[in-house]
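Coordinates as given in input.pdb (PDB, C-alpha atoms):
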```
ATOM      1  CA  MET A   1     107.935 -35.060 -13.350  1.00  0.00           C
ATOM      2  CA  ILE A   2     105.816 -34.743 -10.204  1.00  0.00           C
ATOM      3  CA  GLU A   3     102.452 -33.112 -10.701  1.00  0.00           C
ATOM      4  CA  GLU A   4     100.735 -31.371  -7.806  1.00  0.00           C
ATOM      5  CA  ARG A   5      96.937 -31.119  -7.765  1.00  0.00           C
ATOM      6  CA  ASN A   6      96.165 -30.276  -4.160  1.00  0.00           C
ATOM      7  CA  THR A   7      97.703 -27.106  -2.740  1.00  0.00           C
ATOM      8  CA  GLU A   8      97.782 -27.773   1.003  1.00  0.00           C
ATOM      9  CA  PHE A   9      99.175 -30.408   3.316  1.00  0.00           C
ATOM     10  CA  HIS A  10      97.093 -31.057   6.421  1.00  0.00           C
ATOM     11  CA  HIS A  11      99.194 -34.010   7.582  1.00  0.00           C
ATOM     12  CA  VAL A  12     102.643 -33.018   8.849  1.00  0.00           C
ATOM     13  CA  MET A  13     104.793 -35.316  10.943  1.00  0.00           C
ATOM     14  CA  PRO A  14     108.195 -34.582  12.542  1.00  0.00           C
ATOM     15  CA  LEU A  15     110.903 -37.007  11.446  1.00  0.00           C
ATOM     16  CA  GLN A  16     113.957 -38.147  13.361  1.00  0.00           C
ATOM     17  CA  ILE A  17     117.304 -38.441  11.619  1.00  0.00           C
ATOM     18  CA  ARG A  18     119.112 -41.483  12.992  1.00  0.00           C
ATOM     19  CA  PHE A  19     122.876 -41.919  13.205  1.00  0.00           C
ATOM     20  CA  ASN A  20     122.839 -44.606  10.482  1.00  0.00           C
ATOM     21  CA  ASP A  21     120.809 -42.400   8.116  1.00  0.00           C
ATOM     22  CA  VAL A  22     123.838 -40.191   7.476  1.00  0.00           C
ATOM     23  CA  ASP A  23     126.454 -41.397   5.004  1.00  0.00           C
ATOM     24  CA  LYS A  24     130.156 -40.645   4.785  1.00  0.00           C
ATOM     25  CA  PHE A  25     129.425 -37.431   2.875  1.00  0.00           C
ATOM     26  CA  GLY A  26     127.645 -36.029   5.948  1.00  0.00           C
ATOM     27  CA  HIS A  27     124.138 -36.028   4.515  1.00  0.00           C
ATOM     28  CA  VAL A  28     121.119 -38.312   4.687  1.00  0.00           C
ATOM     29  CA  ASN A  29     121.471 -41.033   2.069  1.00  0.00           C
ATOM     30  CA  ASN A  30     118.835 -40.855  -0.679  1.00  0.00           C
ATOM     31  CA  THR A  31     117.556 -44.364   0.101  1.00  0.00           C
ATOM     32  CA  ILE A  32     116.501 -43.179   3.588  1.00  0.00           C
ATOM     33  CA  TYR A  33     113.996 -40.717   2.100  1.00  0.00           C
ATOM     34  CA  PHE A  34     111.797 -43.667   1.128  1.00  0.00           C
ATOM     35  CA  GLU A  35     111.804 -44.764   4.783  1.00  0.00           C
ATOM     36  CA  PHE A  36     110.672 -41.241   5.709  1.00  0.00           C
ATOM     37  CA  TYR A  37     107.877 -41.511   3.132  1.00  0.00           C
ATOM     38  CA  ASP A  38     106.801 -44.929   4.451  1.00  0.00           C
ATOM     39  CA  THR A  39     106.713 -43.622   8.021  1.00  0.00           C
ATOM     40  CA  THR A  40     104.578 -40.600   7.163  1.00  0.00           C
ATOM     41  CA  LYS A  41     102.303 -42.637   4.863  1.00  0.00           C
ATOM     42  CA  THR A  42     101.611 -45.119   7.662  1.00  0.00           C
ATOM     43  CA  ASN A  43     100.875 -42.319  10.104  1.00  0.00           C
ATOM     44  CA  TYR A  44      98.617 -40.562   7.559  1.00  0.00           C
ATOM     45  CA  PHE A  45      96.383 -43.609   7.103  1.00  0.00           C
ATOM     46  CA  ALA A  46      96.308 -44.350  10.845  1.00  0.00           C
ATOM     47  CA  SER A  47      95.072 -40.776  11.371  1.00  0.00           C
ATOM     48  CA  VAL A  48      92.640 -40.425   8.470  1.00  0.00           C
ATOM     49  CA  CYS A  49      91.303 -44.012   8.168  1.00  0.00           C
ATOM     50  CA  PRO A  50      91.811 -45.409  11.682  1.00  0.00           C
ATOM     51  CA  HIS A  51      89.471 -48.424  11.441  1.00  0.00           C
ATOM     52  CA  VAL A  52      91.127 -50.254   8.558  1.00  0.00           C
ATOM     53  CA  ASP A  53      91.697 -53.980   9.013  1.00  0.00           C
ATOM     54  CA  TRP A  54      95.290 -54.289   7.788  1.00  0.00           C
ATOM     55  CA  GLU A  55      95.024 -58.081   8.030  1.00  0.00           C
ATOM     56  CA  GLN A  56      92.467 -57.959   5.176  1.00  0.00           C
ATOM     57  CA  ILE A  57      93.513 -54.944   3.075  1.00  0.00           C
ATOM     58  CA  ALA A  58      96.904 -53.738   1.910  1.00  0.00           C
ATOM     59  CA  ILE A  59      98.010 -50.628   0.084  1.00  0.00           C
ATOM     60  CA  VAL A  60     100.410 -51.519  -2.710  1.00  0.00           C
ATOM     61  CA  VAL A  61     102.729 -49.086  -4.464  1.00  0.00           C
ATOM     62  CA  VAL A  62     102.481 -49.512  -8.243  1.00  0.00           C
ATOM     63  CA  LYS A  63     104.551 -46.462  -9.179  1.00  0.00           C
ATOM     64  CA  ILE A  64     106.829 -44.196  -7.176  1.00  0.00           C
ATOM     65  CA  GLU A  65     109.035 -41.316  -8.180  1.00  0.00           C
ATOM     66  CA  ALA A  66     111.060 -38.889  -6.111  1.00  0.00           C
ATOM     67  CA  GLU A  67     112.870 -35.636  -6.705  1.00  0.00           C
ATOM     68  CA  PHE A  68     115.745 -34.583  -4.484  1.00  0.00           C
ATOM     69  CA  MET A  69     116.013 -30.796  -4.277  1.00  0.00           C
ATOM     70  CA  SER A  70     118.491 -30.259  -1.467  1.00  0.00           C
ATOM     71  CA  GLN A  71     120.535 -32.429   0.859  1.00  0.00           C
ATOM     72  CA  ILE A  72     119.569 -33.063   4.470  1.00  0.00           C
ATOM     73  CA  LYS A  73     122.357 -32.890   7.051  1.00  0.00           C
ATOM     74  CA  ALA A  74     122.510 -34.797  10.336  1.00  0.00           C
ATOM     75  CA  ASN A  75     121.535 -31.804  12.504  1.00  0.00           C
ATOM     76  CA  ASP A  76     118.647 -30.575  10.336  1.00  0.00           C
ATOM     77  CA  HIS A  77     115.116 -30.514  11.733  1.00  0.00           C
ATOM     78  CA  ILE A  78     112.760 -32.140   9.259  1.00  0.00           C
ATOM     79  CA  ALA A  79     109.150 -33.197   8.836  1.00  0.00           C
ATOM     80  CA  GLY A  80     107.230 -35.272   6.329  1.00  0.00           C
ATOM     81  CA  ARG A  81     104.045 -33.969   4.728  1.00  0.00           C
ATOM     82  CA  THR A  82     101.463 -36.253   3.113  1.00  0.00           C
ATOM     83  CA  ARG A  83      98.275 -35.734   1.112  1.00  0.00           C
ATOM     84  CA  VAL A  84      96.090 -37.597  -1.351  1.00  0.00           C
ATOM     85  CA  SER A  85      95.697 -35.603  -4.553  1.00  0.00           C
ATOM     86  CA  LYS A  86      93.492 -37.911  -6.599  1.00  0.00           C
ATOM     87  CA  ILE A  87      91.233 -40.884  -5.891  1.00  0.00           C
ATOM     88  CA  GLY A  88      90.231 -43.265  -8.653  1.00  0.00           C
ATOM     89  CA  ASN A  89      88.175 -46.451  -8.576  1.00  0.00           C
ATOM     90  CA  LYS A  90      90.911 -48.765  -7.244  1.00  0.00           C
ATOM     91  CA  SER A  91      93.924 -46.468  -7.041  1.00  0.00           C
ATOM     92  CA  PHE A  92      94.950 -43.103  -5.658  1.00  0.00           C
ATOM     93  CA  HIS A  93      97.802 -40.622  -5.937  1.00  0.00           C
ATOM     94  CA  LEU A  94      99.782 -39.847  -2.798  1.00  0.00           C
ATOM     95  CA  GLU A  95     101.961 -36.727  -2.692  1.00  0.00           C
ATOM     96  CA  GLN A  96     104.621 -36.403  -0.037  1.00  0.00           C
ATOM     97  CA  ASP A  97     107.570 -34.210   0.725  1.00  0.00           C
ATOM     98  CA  VAL A  98     110.248 -33.764   3.319  1.00  0.00           C
ATOM     99  CA  ILE A  99     110.779 -30.216   4.532  1.00  0.00           C
ATOM    100  CA  ASP A 100     113.244 -28.397   6.751  1.00  0.00           C
ATOM    101  CA  THR A 101     111.031 -27.225   9.622  1.00  0.00           C
ATOM    102  CA  ASP A 102     113.277 -24.242  10.388  1.00  0.00           C
ATOM    103  CA  THR A 103     113.209 -22.803   6.852  1.00  0.00           C
ATOM    104  CA  GLN A 104     110.183 -24.592   5.279  1.00  0.00           C
ATOM    105  CA  GLU A 105     112.480 -25.527   2.364  1.00  0.00           C
ATOM    106  CA  VAL A 106     111.297 -28.608   0.467  1.00  0.00           C
ATOM    107  CA  LYS A 107     114.188 -31.073   0.508  1.00  0.00           C
ATOM    108  CA  SER A 108     112.535 -33.862  -1.482  1.00  0.00           C
ATOM    109  CA  ARG A 109     109.198 -34.558  -3.133  1.00  0.00           C
ATOM    110  CA  CYS A 110     107.556 -37.899  -3.896  1.00  0.00           C
ATOM    111  CA  LEU A 111     104.545 -39.042  -5.897  1.00  0.00           C
ATOM    112  CA  SER A 112     103.182 -42.561  -5.493  1.00  0.00           C
ATOM    113  CA  ILE A 113     100.358 -44.264  -7.300  1.00  0.00           C
ATOM    114  CA  MET A 114      98.887 -46.847  -4.994  1.00  0.00           C
ATOM    115  CA  VAL A 115      96.284 -49.594  -5.272  1.00  0.00           C
ATOM    116  CA  LEU A 116      94.071 -51.108  -2.600  1.00  0.00           C
ATOM    117  CA  TYR A 117      94.602 -54.846  -2.435  1.00  0.00           C
ATOM    118  CA  ASP A 118      92.524 -57.648  -0.880  1.00  0.00           C
ATOM    119  CA  LEU A 119      95.005 -59.981   0.802  1.00  0.00           C
ATOM    120  CA  LYS A 120      92.663 -62.998   0.802  1.00  0.00           C
ATOM    121  CA  GLN A 121      91.476 -62.671  -2.788  1.00  0.00           C
ATOM    122  CA  GLN A 122      94.927 -61.541  -3.995  1.00  0.00           C
ATOM    123  CA  GLN A 123      93.495 -58.801  -6.206  1.00  0.00           C
ATOM    124  CA  ALA A 124      92.955 -55.059  -6.381  1.00  0.00           C
ATOM    125  CA  ILE A 125      89.703 -53.843  -4.865  1.00  0.00           C
ATOM    126  CA  PRO A 126      87.505 -50.760  -5.319  1.00  0.00           C
ATOM    127  CA  PHE A 127      88.166 -47.786  -3.089  1.00  0.00           C
ATOM    128  CA  PRO A 128      85.755 -48.011  -0.108  1.00  0.00           C
ATOM    129  CA  ASP A 129      83.256 -45.146   0.197  1.00  0.00           C
ATOM    130  CA  GLU A 130      84.215 -44.694   3.858  1.00  0.00           C
ATOM    131  CA  TRP A 131      87.873 -44.113   2.909  1.00  0.00           C
ATOM    132  CA  ARG A 132      86.939 -41.861  -0.016  1.00  0.00           C
ATOM    133  CA  LYS A 133      84.777 -39.690   2.238  1.00  0.00           C
ATOM    134  CA  ALA A 134      87.341 -39.490   5.083  1.00  0.00           C
ATOM    135  CA  ILE A 135      90.259 -38.671   2.769  1.00  0.00           C
ATOM    136  CA  SER A 136      88.267 -36.197   0.667  1.00  0.00           C
ATOM    137  CA  GLU A 137      87.153 -34.314   3.771  1.00  0.00           C
ATOM    138  CA  TYR A 138      90.624 -34.385   5.338  1.00  0.00           C
ATOM    139  CA  ASP A 139      92.522 -33.252   2.231  1.00  0.00           C
ATOM    140  CA  GLY A 140      89.803 -31.020   0.802  1.00  0.00           C
ATOM    141  CA  LEU A 141      89.292 -32.938  -2.434  1.00  0.00           C
ATOM    142  CA  ALA A 142      86.292 -32.052  -4.562  1.00  0.00           C
TER     143      ALA A 142
END
```

Starting from the file, lay out its structure as structure tokens.
Amino acid sequence: MIEERNTEFHHVMPLQIRFNDVDKFGHVNNTIYFEFYDTTKTNYFASVCPHVDWEQIAIVVVKIEAEFMSQIKANDHIAGRTRVSKIGNKSFHLEQDVIDTDTQEVKSRCLSIMVLYDLKQQQAIPFPDEWRKAISEYDGLA
């Protein structure tokens, strides 16, 4: 299902489990994982490509898939890890996971294919060289 190309995560972000994230079964509901992925994705791009004009450019998810390996309980300590594994002309692959920071166990893994989108022109746009360079250097892509 999810294919890994890069072998290291350089972007790791602690995540907070909120009271409402936990369902009546005592674990984090699977829909909340996508909120974790959104939070870490936003932080990744703010760190790696800090000068993006988000009023002009958007990043649009065109495909997303997740695997759930192990449940997360309310008192677990977790973090989200994010990396770009492949950059194309207008799209890129984003790999993410949620780990238990005490055990390093991967709780869930996600792969997204994303497209850069010009909000004014309402169309996909080529990947800017500045982004390509910054991401490639950060994530160690060839």

Selection result for the PyMOL selection byres ((chain A and resi 18-33) around 10) on this file, as a short mmCIF file (atom, residue, chain, number, x, y, z; two decimals) with C-alpha atoms, keeping the file's coordinate frame:
```cif
data_model
loop_
_atom_site.label_atom_id
_atom_site.label_comp_id
_atom_site.auth_asym_id
_atom_site.auth_seq_id
_atom_site.Cartn_x
_atom_site.Cartn_y
_atom_site.Cartn_z
CA LEU A 15 110.90 -37.01 11.45
CA GLN A 16 113.96 -38.15 13.36
CA ILE A 17 117.30 -38.44 11.62
CA PHE A 34 111.80 -43.67 1.13
CA GLU A 35 111.80 -44.76 4.78
CA PHE A 36 110.67 -41.24 5.71
CA TYR A 37 107.88 -41.51 3.13
CA ASP A 38 106.80 -44.93 4.45
CA THR A 39 106.71 -43.62 8.02
CA ALA A 66 111.06 -38.89 -6.11
CA GLU A 67 112.87 -35.64 -6.70
CA PHE A 68 115.74 -34.58 -4.48
CA GLN A 71 120.54 -32.43 0.86
CA ILE A 72 119.57 -33.06 4.47
CA LYS A 73 122.36 -32.89 7.05
CA ALA A 74 122.51 -34.80 10.34
CA ASN A 75 121.54 -31.80 12.50
CA ASP A 76 118.65 -30.58 10.34
CA GLY A 80 107.23 -35.27 6.33
CA ASP A 97 107.57 -34.21 0.72
CA VAL A 98 110.25 -33.76 3.32
CA LYS A 107 114.19 -31.07 0.51
CA SER A 108 112.54 -33.86 -1.48
CA ARG A 109 109.20 -34.56 -3.13
CA CYS A 110 107.56 -37.90 -3.90
#
```

Env of Phe9 in chain A: 10 Å cut, atoms = all atoms listed in the file, seq-sep filter 6 positions within chain, self excluded. Answer as number ranges by chain. A: 80-84, 95-97, 138-140

Nearest candidate to Met69 in chain A (options A:Val106, A:Gly88, A:Lys41, A:Val48; using all atoms listed in the file): A:Val106

Take every atom of range 32-36 of chain A listed in the file, pad by 8 Å on each side, and give me the axis-aligned box centre and edge lengths in Å, one decimal, as AutoDock Vina command-line options.
```
--center_x 113.6 --center_y -42.7 --center_z 3.4 --size_x 21.8 --size_y 20.0 --size_z 20.6
```

With 12 Å as the threshold, what does the neighbourhood of (96.5, -51.4, 7.1) contain in terms of residues, counting all atoms listed in the file? Coordinates are those of the file; answer as a PyMOL selection string. chain A and resi 41-60+116-119

Output the selection as a tab-separated table (two decimals), in the frame of the given file - C-alpha atoms for each residue.
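Generated output (part34.tsv):
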```tsv
chain	number	residue	atom	x	y	z
A	41	LYS	CA	102.30	-42.64	4.86
A	42	THR	CA	101.61	-45.12	7.66
A	43	ASN	CA	100.88	-42.32	10.10
A	44	TYR	CA	98.62	-40.56	7.56
A	45	PHE	CA	96.38	-43.61	7.10
A	46	ALA	CA	96.31	-44.35	10.84
A	47	SER	CA	95.07	-40.78	11.37
A	48	VAL	CA	92.64	-40.42	8.47
A	49	CYS	CA	91.30	-44.01	8.17
A	50	PRO	CA	91.81	-45.41	11.68
A	51	HIS	CA	89.47	-48.42	11.44
A	52	VAL	CA	91.13	-50.25	8.56
A	53	ASP	CA	91.70	-53.98	9.01
A	54	TRP	CA	95.29	-54.29	7.79
A	55	GLU	CA	95.02	-58.08	8.03
A	56	GLN	CA	92.47	-57.96	5.18
A	57	ILE	CA	93.51	-54.94	3.08
A	58	ALA	CA	96.90	-53.74	1.91
A	59	ILE	CA	98.01	-50.63	0.08
A	60	VAL	CA	100.41	-51.52	-2.71
A	116	LEU	CA	94.07	-51.11	-2.60
A	117	TYR	CA	94.60	-54.85	-2.44
A	118	ASP	CA	92.52	-57.65	-0.88
A	119	LEU	CA	95.00	-59.98	0.80
```

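Considering only C-alpha atoms, the residue among A:Ile78, A:Val12, A:Val61, A:Ile87 positioned nearest to Ile135 in chain A is A:Ile87.
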
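Between CA of Ser136 in chain A and CA of Thr40 in chain A the interatomic distance comes to 18.1 Å.
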
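Put simply, CA of Glu65 in chain A is 28.6 Å away from CA of Lys120 in chain A.
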
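Note that the spacing between CA of Ala134 in chain A and CA of Ser112 in chain A amounts to 19.3 Å.
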
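Between Arg132 in chain A and the candidates A:Ser70, A:Ile64, A:His77, A:Ser85, the tightest atom-to-atom separation, counting all atoms listed in the file, involves A:Ser85.
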